[in-house]
$ cat my_file-v3.txt   # compact mmCIF, N, CA and C atoms
# COMPACT_ATOMS: atom_id res chain seq x y z
N MET A 1 -2.61 -26.78 -37.83
CA MET A 1 -2.34 -28.01 -37.12
C MET A 1 -2.54 -27.81 -35.62
N GLU A 2 -2.26 -26.62 -35.17
CA GLU A 2 -2.40 -26.32 -33.74
C GLU A 2 -3.85 -26.50 -33.30
N THR A 3 -4.79 -26.11 -34.13
CA THR A 3 -6.20 -26.24 -33.80
C THR A 3 -6.60 -27.70 -33.69
N ILE A 4 -6.11 -28.52 -34.61
CA ILE A 4 -6.43 -29.95 -34.57
C ILE A 4 -5.86 -30.56 -33.30
N ARG A 5 -4.64 -30.21 -32.94
CA ARG A 5 -4.04 -30.72 -31.71
C ARG A 5 -4.84 -30.27 -30.49
N HIS A 6 -5.30 -29.03 -30.50
CA HIS A 6 -6.08 -28.48 -29.40
C HIS A 6 -7.38 -29.26 -29.23
N VAL A 7 -8.08 -29.51 -30.32
CA VAL A 7 -9.35 -30.24 -30.26
C VAL A 7 -9.11 -31.69 -29.82
N ALA A 8 -8.07 -32.33 -30.35
CA ALA A 8 -7.77 -33.72 -29.98
C ALA A 8 -7.42 -33.82 -28.49
N LEU A 9 -6.59 -32.91 -28.00
CA LEU A 9 -6.25 -32.92 -26.58
C LEU A 9 -7.48 -32.70 -25.72
N GLY A 10 -8.33 -31.79 -26.12
CA GLY A 10 -9.57 -31.54 -25.38
C GLY A 10 -10.44 -32.77 -25.31
N CYS A 11 -10.59 -33.48 -26.42
CA CYS A 11 -11.40 -34.72 -26.42
C CYS A 11 -10.79 -35.77 -25.51
N CYS A 12 -9.47 -35.89 -25.51
CA CYS A 12 -8.81 -36.87 -24.64
C CYS A 12 -9.02 -36.53 -23.18
N VAL A 13 -8.86 -35.27 -22.82
CA VAL A 13 -9.02 -34.85 -21.43
C VAL A 13 -10.45 -35.05 -20.98
N ILE A 14 -11.41 -34.66 -21.80
CA ILE A 14 -12.82 -34.83 -21.46
C ILE A 14 -13.14 -36.31 -21.23
N SER A 15 -12.71 -37.15 -22.13
CA SER A 15 -13.00 -38.58 -22.01
C SER A 15 -12.32 -39.20 -20.80
N THR A 16 -11.08 -38.80 -20.52
CA THR A 16 -10.35 -39.34 -19.38
C THR A 16 -11.02 -38.96 -18.07
N ILE A 17 -11.36 -37.71 -17.92
CA ILE A 17 -11.99 -37.26 -16.67
C ILE A 17 -13.36 -37.93 -16.50
N ALA A 18 -14.15 -38.00 -17.56
CA ALA A 18 -15.46 -38.63 -17.46
C ALA A 18 -15.32 -40.11 -17.11
N GLY A 19 -14.36 -40.78 -17.70
CA GLY A 19 -14.15 -42.20 -17.39
C GLY A 19 -13.69 -42.41 -15.96
N MET A 20 -12.81 -41.54 -15.45
CA MET A 20 -12.34 -41.67 -14.07
C MET A 20 -13.48 -41.44 -13.08
N ILE A 21 -14.32 -40.48 -13.35
CA ILE A 21 -15.46 -40.23 -12.47
C ILE A 21 -16.37 -41.46 -12.44
N ARG A 22 -16.60 -42.05 -13.61
CA ARG A 22 -17.47 -43.23 -13.68
C ARG A 22 -16.88 -44.43 -12.97
N VAL A 23 -15.58 -44.60 -13.06
CA VAL A 23 -14.94 -45.75 -12.43
C VAL A 23 -14.98 -45.63 -10.90
N PHE A 24 -14.70 -44.46 -10.40
CA PHE A 24 -14.59 -44.29 -8.95
C PHE A 24 -15.91 -43.95 -8.27
N TRP A 25 -16.97 -43.71 -9.02
CA TRP A 25 -18.27 -43.40 -8.40
C TRP A 25 -18.89 -44.70 -7.89
N PRO A 26 -19.34 -44.74 -6.65
CA PRO A 26 -19.90 -45.99 -6.11
C PRO A 26 -21.22 -46.36 -6.81
N LYS A 27 -21.49 -47.66 -6.81
CA LYS A 27 -22.74 -48.15 -7.39
C LYS A 27 -23.86 -47.94 -6.38
N ASN A 28 -24.70 -46.98 -6.68
CA ASN A 28 -25.84 -46.73 -5.79
C ASN A 28 -26.98 -46.12 -6.60
N GLY A 29 -27.93 -45.56 -5.96
CA GLY A 29 -29.11 -45.01 -6.62
C GLY A 29 -28.83 -43.71 -7.37
N PHE A 30 -27.63 -43.17 -7.27
CA PHE A 30 -27.32 -41.91 -7.92
C PHE A 30 -26.68 -42.10 -9.30
N SER A 31 -26.73 -43.30 -9.85
CA SER A 31 -26.12 -43.55 -11.16
C SER A 31 -26.72 -42.67 -12.25
N ALA A 32 -28.03 -42.50 -12.22
CA ALA A 32 -28.68 -41.66 -13.23
C ALA A 32 -28.23 -40.21 -13.09
N VAL A 33 -28.04 -39.77 -11.85
CA VAL A 33 -27.63 -38.40 -11.61
C VAL A 33 -26.19 -38.19 -12.12
N ILE A 34 -25.31 -39.13 -11.81
CA ILE A 34 -23.92 -38.98 -12.26
C ILE A 34 -23.83 -39.05 -13.78
N ASN A 35 -24.66 -39.86 -14.40
CA ASN A 35 -24.68 -39.91 -15.86
C ASN A 35 -25.11 -38.57 -16.45
N ALA A 36 -26.10 -37.98 -15.86
CA ALA A 36 -26.56 -36.67 -16.34
C ALA A 36 -25.48 -35.61 -16.15
N VAL A 37 -24.79 -35.65 -15.00
CA VAL A 37 -23.72 -34.68 -14.73
C VAL A 37 -22.58 -34.89 -15.72
N LEU A 38 -22.24 -36.14 -16.00
CA LEU A 38 -21.17 -36.42 -16.96
C LEU A 38 -21.53 -35.92 -18.35
N VAL A 39 -22.75 -36.13 -18.77
CA VAL A 39 -23.18 -35.64 -20.08
C VAL A 39 -23.11 -34.12 -20.11
N LEU A 40 -23.58 -33.48 -19.07
CA LEU A 40 -23.52 -32.03 -19.00
C LEU A 40 -22.07 -31.53 -19.03
N TYR A 41 -21.18 -32.22 -18.30
CA TYR A 41 -19.77 -31.85 -18.29
C TYR A 41 -19.16 -32.01 -19.68
N ILE A 42 -19.43 -33.12 -20.33
CA ILE A 42 -18.86 -33.36 -21.65
C ILE A 42 -19.36 -32.33 -22.65
N VAL A 43 -20.64 -32.04 -22.63
CA VAL A 43 -21.20 -31.05 -23.56
C VAL A 43 -20.61 -29.67 -23.29
N THR A 44 -20.56 -29.28 -22.02
CA THR A 44 -20.02 -27.96 -21.67
C THR A 44 -18.54 -27.84 -22.04
N ALA A 45 -17.75 -28.84 -21.69
CA ALA A 45 -16.33 -28.80 -22.01
C ALA A 45 -16.09 -28.86 -23.51
N GLY A 46 -16.89 -29.65 -24.20
CA GLY A 46 -16.75 -29.73 -25.66
C GLY A 46 -17.08 -28.41 -26.33
N LEU A 47 -18.15 -27.76 -25.90
CA LEU A 47 -18.50 -26.47 -26.48
C LEU A 47 -17.43 -25.42 -26.18
N GLN A 48 -16.90 -25.44 -24.97
CA GLN A 48 -15.84 -24.49 -24.61
C GLN A 48 -14.61 -24.73 -25.48
N MET A 49 -14.28 -25.99 -25.70
CA MET A 49 -13.11 -26.33 -26.51
C MET A 49 -13.33 -25.88 -27.96
N LEU A 50 -14.52 -26.13 -28.49
CA LEU A 50 -14.80 -25.75 -29.87
C LEU A 50 -14.87 -24.24 -30.05
N ARG A 51 -15.33 -23.56 -29.02
CA ARG A 51 -15.41 -22.10 -29.09
C ARG A 51 -14.02 -21.48 -29.13
N GLY A 52 -13.06 -22.11 -28.46
CA GLY A 52 -11.71 -21.57 -28.40
C GLY A 52 -10.86 -21.91 -29.62
N ALA A 53 -11.38 -22.73 -30.52
CA ALA A 53 -10.60 -23.14 -31.70
C ALA A 53 -10.54 -22.03 -32.73
N ASP A 54 -9.42 -21.94 -33.40
CA ASP A 54 -9.23 -20.95 -34.46
C ASP A 54 -9.67 -21.58 -35.79
N TRP A 55 -10.92 -21.40 -36.16
CA TRP A 55 -11.49 -22.09 -37.32
C TRP A 55 -10.95 -21.56 -38.64
N LYS A 56 -10.62 -20.28 -38.70
CA LYS A 56 -10.06 -19.73 -39.94
C LYS A 56 -8.70 -20.35 -40.24
N GLN A 57 -7.87 -20.48 -39.21
CA GLN A 57 -6.56 -21.08 -39.40
C GLN A 57 -6.71 -22.57 -39.75
N LEU A 58 -7.66 -23.24 -39.11
CA LEU A 58 -7.88 -24.65 -39.40
C LEU A 58 -8.29 -24.87 -40.85
N THR A 59 -9.22 -24.08 -41.36
CA THR A 59 -9.63 -24.25 -42.76
C THR A 59 -8.49 -23.91 -43.72
N ALA A 60 -7.70 -22.90 -43.38
CA ALA A 60 -6.55 -22.57 -44.24
C ALA A 60 -5.55 -23.72 -44.26
N GLU A 61 -5.29 -24.34 -43.12
CA GLU A 61 -4.37 -25.46 -43.06
C GLU A 61 -4.91 -26.66 -43.83
N LEU A 62 -6.20 -26.90 -43.70
CA LEU A 62 -6.80 -28.05 -44.40
C LEU A 62 -6.78 -27.85 -45.92
N TYR A 63 -6.93 -26.62 -46.39
CA TYR A 63 -6.86 -26.37 -47.82
C TYR A 63 -5.44 -26.58 -48.37
N HIS A 64 -4.44 -26.32 -47.55
CA HIS A 64 -3.05 -26.46 -47.99
C HIS A 64 -2.50 -27.87 -47.78
N MET A 65 -3.18 -28.72 -47.05
CA MET A 65 -2.67 -30.07 -46.77
C MET A 65 -2.48 -30.92 -48.03
N PRO A 66 -3.45 -30.99 -48.96
CA PRO A 66 -3.23 -31.84 -50.14
C PRO A 66 -2.02 -31.41 -50.97
N ALA A 67 -1.80 -30.12 -51.11
CA ALA A 67 -0.66 -29.65 -51.89
C ALA A 67 0.64 -30.02 -51.20
N ALA A 68 0.70 -29.89 -49.89
CA ALA A 68 1.91 -30.23 -49.16
C ALA A 68 2.13 -31.74 -49.14
N ALA A 69 1.06 -32.52 -49.07
CA ALA A 69 1.19 -33.98 -49.03
C ALA A 69 1.70 -34.53 -50.35
N GLU A 70 1.30 -33.93 -51.45
CA GLU A 70 1.72 -34.41 -52.76
C GLU A 70 3.21 -34.16 -53.00
N LYS A 71 3.78 -33.16 -52.37
CA LYS A 71 5.19 -32.85 -52.57
C LYS A 71 6.10 -33.90 -51.93
N ASN A 72 5.68 -34.45 -50.81
CA ASN A 72 6.55 -35.33 -50.03
C ASN A 72 6.21 -36.82 -50.19
N VAL A 73 5.45 -37.19 -51.19
CA VAL A 73 5.06 -38.58 -51.36
C VAL A 73 6.20 -39.35 -52.03
N PRO A 74 6.72 -40.37 -51.35
CA PRO A 74 7.78 -41.18 -51.99
C PRO A 74 7.19 -42.06 -53.09
N ASP A 75 8.02 -42.41 -54.04
CA ASP A 75 7.58 -43.23 -55.17
C ASP A 75 7.84 -44.71 -54.83
N TYR A 76 6.75 -45.47 -54.71
CA TYR A 76 6.85 -46.88 -54.37
C TYR A 76 6.55 -47.78 -55.56
N THR A 77 6.53 -47.27 -56.77
CA THR A 77 6.16 -48.10 -57.91
C THR A 77 7.16 -49.22 -58.15
N GLU A 78 8.45 -48.92 -58.05
CA GLU A 78 9.46 -49.95 -58.27
C GLU A 78 9.40 -51.00 -57.17
N TYR A 79 9.22 -50.55 -55.94
CA TYR A 79 9.12 -51.48 -54.81
C TYR A 79 7.90 -52.38 -54.97
N SER A 80 6.76 -51.82 -55.33
CA SER A 80 5.55 -52.64 -55.48
C SER A 80 5.69 -53.61 -56.65
N ARG A 81 6.35 -53.20 -57.72
CA ARG A 81 6.57 -54.10 -58.85
C ARG A 81 7.47 -55.26 -58.43
N ARG A 82 8.56 -54.94 -57.73
CA ARG A 82 9.49 -55.98 -57.29
C ARG A 82 8.83 -56.93 -56.28
N LEU A 83 8.04 -56.36 -55.37
CA LEU A 83 7.35 -57.18 -54.38
C LEU A 83 6.34 -58.11 -55.05
N GLY A 84 5.62 -57.61 -56.03
CA GLY A 84 4.67 -58.44 -56.77
C GLY A 84 5.37 -59.57 -57.51
N ARG A 85 6.52 -59.28 -58.08
CA ARG A 85 7.27 -60.31 -58.80
C ARG A 85 7.80 -61.37 -57.83
N GLU A 86 8.28 -60.94 -56.66
CA GLU A 86 8.78 -61.90 -55.67
C GLU A 86 7.66 -62.80 -55.15
N VAL A 87 6.49 -62.23 -54.92
CA VAL A 87 5.36 -63.03 -54.46
C VAL A 87 4.93 -64.01 -55.55
N SER A 88 4.95 -63.57 -56.80
CA SER A 88 4.61 -64.47 -57.90
C SER A 88 5.60 -65.61 -58.00
N GLU A 89 6.87 -65.30 -57.83
CA GLU A 89 7.91 -66.33 -57.88
C GLU A 89 7.69 -67.36 -56.76
N ALA A 90 7.39 -66.88 -55.57
CA ALA A 90 7.15 -67.78 -54.44
C ALA A 90 5.91 -68.64 -54.68
N ALA A 91 4.88 -68.07 -55.30
CA ALA A 91 3.66 -68.83 -55.58
C ALA A 91 3.92 -69.92 -56.61
N VAL A 92 4.70 -69.61 -57.64
CA VAL A 92 5.03 -70.62 -58.65
C VAL A 92 5.86 -71.73 -58.01
N ARG A 93 6.84 -71.35 -57.19
CA ARG A 93 7.69 -72.33 -56.52
C ARG A 93 6.83 -73.25 -55.64
N GLU A 94 5.91 -72.67 -54.89
CA GLU A 94 5.04 -73.46 -54.00
C GLU A 94 4.13 -74.38 -54.79
N ALA A 95 3.57 -73.90 -55.88
CA ALA A 95 2.69 -74.74 -56.70
C ALA A 95 3.45 -75.93 -57.27
N LEU A 96 4.67 -75.70 -57.71
CA LEU A 96 5.47 -76.80 -58.25
C LEU A 96 5.88 -77.78 -57.16
N GLN A 97 6.20 -77.28 -55.98
CA GLN A 97 6.53 -78.17 -54.87
C GLN A 97 5.32 -78.99 -54.44
N ASN A 98 4.14 -78.36 -54.42
CA ASN A 98 2.92 -79.09 -54.08
C ASN A 98 2.60 -80.17 -55.10
N ALA A 99 3.03 -79.98 -56.34
CA ALA A 99 2.83 -80.98 -57.38
C ALA A 99 3.90 -82.07 -57.32
N GLY A 100 4.85 -81.95 -56.41
CA GLY A 100 5.89 -82.96 -56.25
C GLY A 100 7.00 -82.85 -57.28
N ILE A 101 7.25 -81.66 -57.78
CA ILE A 101 8.26 -81.45 -58.81
C ILE A 101 9.47 -80.78 -58.18
N ASP A 102 10.65 -81.41 -58.36
CA ASP A 102 11.90 -80.84 -57.85
C ASP A 102 12.46 -79.90 -58.91
N CYS A 103 12.58 -78.62 -58.56
CA CYS A 103 13.08 -77.64 -59.53
C CYS A 103 13.53 -76.38 -58.81
N VAL A 104 14.18 -75.53 -59.57
CA VAL A 104 14.60 -74.21 -59.09
C VAL A 104 13.86 -73.17 -59.91
N VAL A 105 13.16 -72.26 -59.25
CA VAL A 105 12.39 -71.22 -59.93
C VAL A 105 13.13 -69.90 -59.77
N GLN A 106 13.37 -69.22 -60.88
CA GLN A 106 14.00 -67.91 -60.87
C GLN A 106 13.13 -66.95 -61.67
N LEU A 107 13.16 -65.72 -61.28
CA LEU A 107 12.39 -64.70 -61.98
C LEU A 107 13.33 -63.86 -62.80
N ALA A 108 13.19 -63.92 -64.10
CA ALA A 108 14.02 -63.12 -65.00
C ALA A 108 13.17 -61.96 -65.53
N ASP A 109 13.80 -61.06 -66.27
CA ASP A 109 13.06 -59.93 -66.83
C ASP A 109 11.97 -60.38 -67.80
N SER A 110 12.21 -61.49 -68.47
CA SER A 110 11.25 -61.95 -69.47
C SER A 110 10.18 -62.87 -68.89
N GLY A 111 10.27 -63.24 -67.61
CA GLY A 111 9.29 -64.12 -67.00
C GLY A 111 9.97 -65.11 -66.06
N PHE A 112 9.35 -66.26 -65.87
CA PHE A 112 9.90 -67.27 -64.98
C PHE A 112 10.82 -68.21 -65.73
N GLN A 113 11.89 -68.64 -65.06
CA GLN A 113 12.76 -69.69 -65.57
C GLN A 113 12.71 -70.82 -64.56
N VAL A 114 12.35 -71.99 -65.03
CA VAL A 114 12.23 -73.15 -64.17
C VAL A 114 13.29 -74.15 -64.60
N GLU A 115 14.24 -74.44 -63.70
CA GLU A 115 15.29 -75.41 -64.00
C GLU A 115 14.93 -76.72 -63.30
N LEU A 116 14.76 -77.75 -64.10
CA LEU A 116 14.33 -79.04 -63.60
C LEU A 116 15.48 -79.84 -63.02
N VAL A 117 15.18 -80.60 -61.97
CA VAL A 117 16.15 -81.54 -61.43
C VAL A 117 16.03 -82.86 -62.18
N HIS A 118 14.80 -83.25 -62.49
CA HIS A 118 14.52 -84.48 -63.22
C HIS A 118 13.98 -84.12 -64.60
N ALA A 119 14.67 -84.54 -65.62
CA ALA A 119 14.27 -84.19 -66.99
C ALA A 119 12.90 -84.76 -67.33
N GLY A 120 12.49 -85.85 -66.69
CA GLY A 120 11.20 -86.46 -66.99
C GLY A 120 10.00 -85.68 -66.48
N ASP A 121 10.23 -84.65 -65.68
CA ASP A 121 9.12 -83.85 -65.13
C ASP A 121 8.67 -82.73 -66.07
N ARG A 122 9.26 -82.63 -67.24
CA ARG A 122 8.98 -81.51 -68.14
C ARG A 122 7.50 -81.37 -68.47
N ALA A 123 6.83 -82.47 -68.80
CA ALA A 123 5.41 -82.40 -69.18
C ALA A 123 4.54 -81.95 -68.00
N ARG A 124 4.84 -82.45 -66.81
CA ARG A 124 4.07 -82.06 -65.62
C ARG A 124 4.29 -80.59 -65.28
N VAL A 125 5.55 -80.14 -65.42
CA VAL A 125 5.86 -78.73 -65.15
C VAL A 125 5.12 -77.84 -66.14
N GLN A 126 5.11 -78.24 -67.39
CA GLN A 126 4.42 -77.45 -68.41
C GLN A 126 2.92 -77.35 -68.10
N ALA A 127 2.33 -78.44 -67.65
CA ALA A 127 0.90 -78.41 -67.32
C ALA A 127 0.63 -77.50 -66.13
N VAL A 128 1.46 -77.59 -65.10
CA VAL A 128 1.27 -76.75 -63.91
C VAL A 128 1.47 -75.27 -64.26
N LEU A 129 2.53 -74.96 -65.00
CA LEU A 129 2.80 -73.56 -65.35
C LEU A 129 1.72 -72.99 -66.26
N ALA A 130 1.22 -73.80 -67.17
CA ALA A 130 0.15 -73.32 -68.05
C ALA A 130 -1.10 -72.98 -67.23
N ALA A 131 -1.32 -73.73 -66.15
CA ALA A 131 -2.50 -73.49 -65.32
C ALA A 131 -2.36 -72.27 -64.41
N ILE A 132 -1.16 -72.00 -63.92
CA ILE A 132 -1.02 -70.94 -62.92
C ILE A 132 -0.39 -69.65 -63.42
N CYS A 133 0.35 -69.68 -64.50
CA CYS A 133 1.07 -68.47 -64.94
C CYS A 133 0.22 -67.50 -65.74
N GLY A 134 -0.83 -67.95 -66.34
CA GLY A 134 -1.66 -67.05 -67.13
C GLY A 134 -0.89 -66.45 -68.29
N GLN A 135 -0.78 -65.11 -68.34
CA GLN A 135 -0.09 -64.41 -69.43
C GLN A 135 1.41 -64.25 -69.19
N THR A 136 1.89 -64.60 -67.99
CA THR A 136 3.31 -64.44 -67.68
C THR A 136 4.13 -65.48 -68.44
N PRO A 137 5.12 -65.06 -69.20
CA PRO A 137 5.94 -66.02 -69.95
C PRO A 137 6.83 -66.84 -69.01
N TYR A 138 7.12 -68.06 -69.42
CA TYR A 138 7.99 -68.92 -68.64
C TYR A 138 8.86 -69.75 -69.58
N LYS A 139 9.99 -70.19 -69.04
CA LYS A 139 10.93 -70.99 -69.82
C LYS A 139 11.36 -72.16 -68.95
N ILE A 140 11.28 -73.37 -69.51
CA ILE A 140 11.66 -74.57 -68.77
C ILE A 140 13.05 -74.99 -69.23
N ILE A 141 13.96 -75.08 -68.29
CA ILE A 141 15.34 -75.47 -68.58
C ILE A 141 15.58 -76.83 -67.95
N THR A 142 16.02 -77.77 -68.74
CA THR A 142 16.33 -79.09 -68.21
C THR A 142 17.68 -79.00 -67.53
N GLY A 143 17.68 -79.37 -66.25
CA GLY A 143 18.89 -79.20 -65.45
C GLY A 143 19.69 -80.45 -65.32
N GLY A 144 19.72 -81.02 -64.12
CA GLY A 144 20.57 -82.14 -63.79
C GLY A 144 20.30 -83.38 -64.63
N GLU A 145 21.13 -84.37 -64.39
CA GLU A 145 21.05 -85.60 -65.15
C GLU A 145 20.22 -86.66 -64.44
N ALA A 146 19.52 -86.30 -63.38
CA ALA A 146 18.71 -87.27 -62.66
C ALA A 146 17.55 -87.72 -63.55
N PRO A 147 17.22 -89.02 -63.55
CA PRO A 147 16.13 -89.50 -64.40
C PRO A 147 14.78 -89.08 -63.90
$ encode --input "my_file-v3.txt" --output "C-alpha cells"
Amino acid sequence: METIRHVALGCCVISTIAGMIRVFWPKNGFSAVINAVLVLYIVTAGLQMLRGADWKQLTAELYHMPAAAEKNVPDYTEYSRRLGREVSEAAVREALQNAGIDCVVQLADSGFQVELVHAGDRARVQAVLAAICGQTPYKIITGGEAP
C-alpha cells in the first residue's frame, strides 16, 4: 500500500507544480518553450517516482488484496431484499393512487395486501394489480363501509 500511496502522491505533486507554472507564466511567445519544459519536467519526475517504487512489495500486496477484501465484506442480501420490497410497495401504492383508488397498501411475507376504502373499487384494483404485480401475489381486503 505504501508504494501506491507514494505513486499517487508523486502524481499529485507533479500535476500541481505543472499547473501552477502554467497559471503564473505570462502569455507571450515562450508558451511553446514552457510547454516543452513542463513535459520534460513531468516525464523526468514521473520516471524518478517510478524508479523509486518498490515493485516487488506492490505486486505482493496486490496479490493479497482479493483475499483480504473477501474477509471483510458485509452481507447486504437482507438489506437489498428489504429495500426491493419497500420500493415495490411504494410503486404499487403510487400506481393505485394514480388510478384514483383510495386504499392502504401493506407488504406481507406472502405478497401485497391492499385494504380498500371503497368496496366498489375492487374490480379496478384487481385490474391495476394484475397489470403491475406480475408474479407477486396480492390480496384485496375490503375495508371501510364507504360506498
$ residues_around --input "my_file-v3.txt" --residues "range 3-15 of chain A" --least-positions-apart "4" --cutoff "8 Å" --atoms "only N, CA and C atoms" --output "list in words"
Gly19, Met20, Ile21, Tyr41, Ile42, Ala45, Gly46, Met49, Leu50, Gly52, Ala53, Asp54, Trp55, Gln57 and Leu58 of chain A
$ atom_distance --input "my_file-v3.txt" --atom1 "CA of Ile101 in chain A" --atom2 "CA of Ile141 in chain A"
13.5 Å
$ closest_residue --input "my_file-v3.txt" --among "A:Met65, A:Ile17, A:Leu107, A:Val114" --to "Arg85 in chain A" --atoms "only N, CA and C atoms"
A:Leu107
$ atom_distance --input "my_file-v3.txt" --atom1 "atom C of Glu94 in chain A" --atom2 "atom N of Ser110 in chain A"
20.5 Å
$ select_by_dssp --input "my_file-v3.txt" --residues "range 6-136 of chain A" --states "helix (DSSP H, G or I)" --output "PyMOL selection string"
chain A and resi 6-24+31-51+55-71+77-98+119-132
$ closest_residue --input "my_file-v3.txt" --among "A:Gln106, A:Arg81, A:Leu62, A:Arg22" --to "Arg93 in chain A" --atoms "all atoms listed in the file"
A:Gln106
